[in-house]
Amino acid sequence: MAKLQCQRIGCNATFTEDDNAEGSCTYHESPIFHDGMKEWSCCKKRSHDFSEFLNIPGCKTGRHTVEKPLLTKATPAAKKPSPATAPATNSSSKEGCSRCRQGFFCSDHGSQASDTNTKVSSPVPVESNTDLQGALPTPVKRIVNINEPQICKNKGCGQTFKEKDNHDTACNYHPGPAIFHDRIRGWNCCDVHVKEFDEFMSIPPCTKGWHSTDPVS
């Protein structure tokens, strides 16, 4: 019997109708986005980072389904008004933009993260750089069974794979970053932007590569 892809948010597992017992699916209900913060309405767990947000384990259980969930739209009342005493220049400058200060992508000012890196970085002398490399510990190599099922962490993939079947076009994913600005959601890598979260989750991946258990940044 052909395997089906579960459409619940936070699951992404494949299943068959004969292997779909109650409690086999772990998922989340609708997300809430507000001032750069991403929160699950069902368990109130939150994160500023989108990759970490999607990796928060689901808090509800049930049966897998191919039907897309109905998402609850956030009400405008949840947004707090800006203080009346705030200077008018705050919203027009990078220093006054809350998204830029937190390191998120901002369509009004561009990528704040790259500007910050440029400002704080300082040249490192060649001789000290050599000493630094010698002081760093050697990374521990992970030994993986080529037949062991693993879940790909690349954004937009989430497929189960075995290393023996992995190759340079096995994975379809988004290299990112994800963009959330006002009511627009999308991917910077393929320049696709939508208004609804379920439409965002349905944007087809734009890049092929190797499956990976470490998310592509």
# chains A, B, ... in the order shown; residues from 1 in each chain; ligands from 1

$ residues_around --residues "Lys153 of chain A" --least-positions-apart "5" --cutoff "7 Å" --atoms "only C-alpha atoms" --output "number ranges by chain"
A: 158, 212-215

$ residues_around --residues "Trp40 of chain A" --least-positions-apart "2" --cutoff "7 Å" --atoms "only C-alpha atoms" --output "NGL selection string"
:A and (28-32 or 42-46)

$ residues_around --residues "Gly62 of chain A" --least-positions-apart "5" --cutoff "9 Å" --atoms "only C-alpha atoms" --output "NGL selection string"
:A and (21-27)

$ write_last_selection --atoms "N, CA, C and O atoms" --output "mmCIF file, in the first residue's frame"
data_model
loop_
_atom_site.group_PDB
_atom_site.id
_atom_site.type_symbol
_atom_site.label_atom_id
_atom_site.label_comp_id
_atom_site.auth_asym_id
_atom_site.auth_seq_id
_atom_site.Cartn_x
_atom_site.Cartn_y
_atom_site.Cartn_z
ATOM 1 N N ALA A 21 -2.716 4.129 13.860
ATOM 2 C CA ALA A 21 -3.438 3.968 15.125
ATOM 3 C C ALA A 21 -3.617 5.307 15.827
ATOM 4 O O ALA A 21 -2.881 6.257 15.564
ATOM 5 N N GLU A 22 -4.584 5.382 16.709
ATOM 6 C CA GLU A 22 -4.800 6.582 17.511
ATOM 7 C C GLU A 22 -3.560 6.851 18.367
ATOM 8 O O GLU A 22 -3.049 5.961 19.050
ATOM 9 N N GLY A 23 -3.048 8.093 18.316
ATOM 10 C CA GLY A 23 -1.857 8.458 19.069
ATOM 11 C C GLY A 23 -0.568 8.324 18.288
ATOM 12 O O GLY A 23 0.501 8.650 18.803
ATOM 13 N N SER A 24 -0.632 7.862 17.039
ATOM 14 C CA SER A 24 0.581 7.706 16.237
ATOM 15 C C SER A 24 1.082 9.039 15.686
ATOM 16 O O SER A 24 2.216 9.147 15.248
ATOM 17 N N CYS A 25 0.230 10.079 15.721
ATOM 18 C CA CYS A 25 0.587 11.394 15.189
ATOM 19 C C CYS A 25 0.774 12.385 16.335
ATOM 20 O O CYS A 25 -0.058 12.479 17.231
ATOM 21 N N THR A 26 1.894 13.099 16.321
ATOM 22 C CA THR A 26 2.167 14.160 17.292
ATOM 23 C C THR A 26 2.262 15.469 16.536
ATOM 24 O O THR A 26 3.069 15.586 15.609
ATOM 25 N N TYR A 27 1.483 16.469 16.925
ATOM 26 C CA TYR A 27 1.376 17.675 16.103
ATOM 27 C C TYR A 27 1.056 18.906 16.939
ATOM 28 O O TYR A 27 0.879 18.838 18.165
#

$ residues_around --residues "Phe197 of chain A" --least-positions-apart "3" --cutoff "12 Å" --atoms "only C-alpha atoms" --output "list in words"
Ile9, Glu29, Ser30, Pro31, Ile32, Phe33, Lys38, Lys68, Pro69, Leu70, Leu71, Thr72, Lys73, Ala74, Ala178, Ile179, Phe180, Arg183, Ile184, Arg185, Gly186, His193, Val194, Phe200, Met201, Ser202 and Ile203 of chain A

$ write_last_selection --atoms "C-alpha atoms" --output "PDB file, in the first residue's frame"
ATOM      1  CA  ILE A   9       1.693  20.837  11.455  1.00  0.00           C
ATOM      2  CA  GLU A  29      -2.396  23.505  16.216  1.00  0.00           C
ATOM      3  CA  SER A  30      -2.157  26.962  14.627  1.00  0.00           C
ATOM      4  CA  PRO A  31       0.886  29.259  15.154  1.00  0.00           C
ATOM      5  CA  ILE A  32       0.850  32.881  16.277  1.00  0.00           C
ATOM      6  CA  PHE A  33       3.317  35.482  14.948  1.00  0.00           C
ATOM      7  CA  LYS A  38       6.671  32.783  16.973  1.00  0.00           C
ATOM      8  CA  LYS A  68      -4.788  20.166   5.787  1.00  0.00           C
ATOM      9  CA  PRO A  69      -5.697  21.704   9.169  1.00  0.00           C
ATOM     10  CA  LEU A  70      -7.872  24.815   9.392  1.00  0.00           C
ATOM     11  CA  LEU A  71      -5.706  27.533  10.873  1.00  0.00           C
ATOM     12  CA  THR A  72      -7.036  30.245  13.152  1.00  0.00           C
ATOM     13  CA  LYS A  73      -6.185  33.722  11.947  1.00  0.00           C
ATOM     14  CA  ALA A  74      -4.695  36.068  14.484  1.00  0.00           C
ATOM     15  CA  ALA A 178      12.337  32.362   6.203  1.00  0.00           C
ATOM     16  CA  ILE A 179      10.876  35.890   6.157  1.00  0.00           C
ATOM     17  CA  PHE A 180       8.067  37.134   8.388  1.00  0.00           C
ATOM     18  CA  ARG A 183       1.437  39.919   7.329  1.00  0.00           C
ATOM     19  CA  ILE A 184       3.793  38.549   4.657  1.00  0.00           C
ATOM     20  CA  ARG A 185       5.429  35.126   5.009  1.00  0.00           C
ATOM     21  CA  GLY A 186       7.883  33.614   2.549  1.00  0.00           C
ATOM     22  CA  HIS A 193       5.789  35.440  -0.423  1.00  0.00           C
ATOM     23  CA  VAL A 194       2.234  34.638   0.752  1.00  0.00           C
ATOM     24  CA  PHE A 200       3.669  29.345   3.442  1.00  0.00           C
ATOM     25  CA  MET A 201       4.058  25.727   4.580  1.00  0.00           C
ATOM     26  CA  SER A 202       2.933  24.569   1.100  1.00  0.00           C
ATOM     27  CA  ILE A 203       5.556  26.579  -0.861  1.00  0.00           C
TER      28      ILE A 203
END

$ closest_residue --among "A:Glu95, A:Asp35, A:Glu17, A:Glu67" --to "Asp198 of chain A" --atoms "only C-alpha atoms"
A:Glu67

$ atom_distance --atom1 "atom CA of Leu54 of chain A" --atom2 "atom CA of Val192 of chain A"
19.2 Å

$ closest_residue --among "A:Ala2, A:Cys97, A:Cys11, A:Cys59" --to "Gly36 of chain A" --atoms "only C-alpha atoms"
A:Cys97
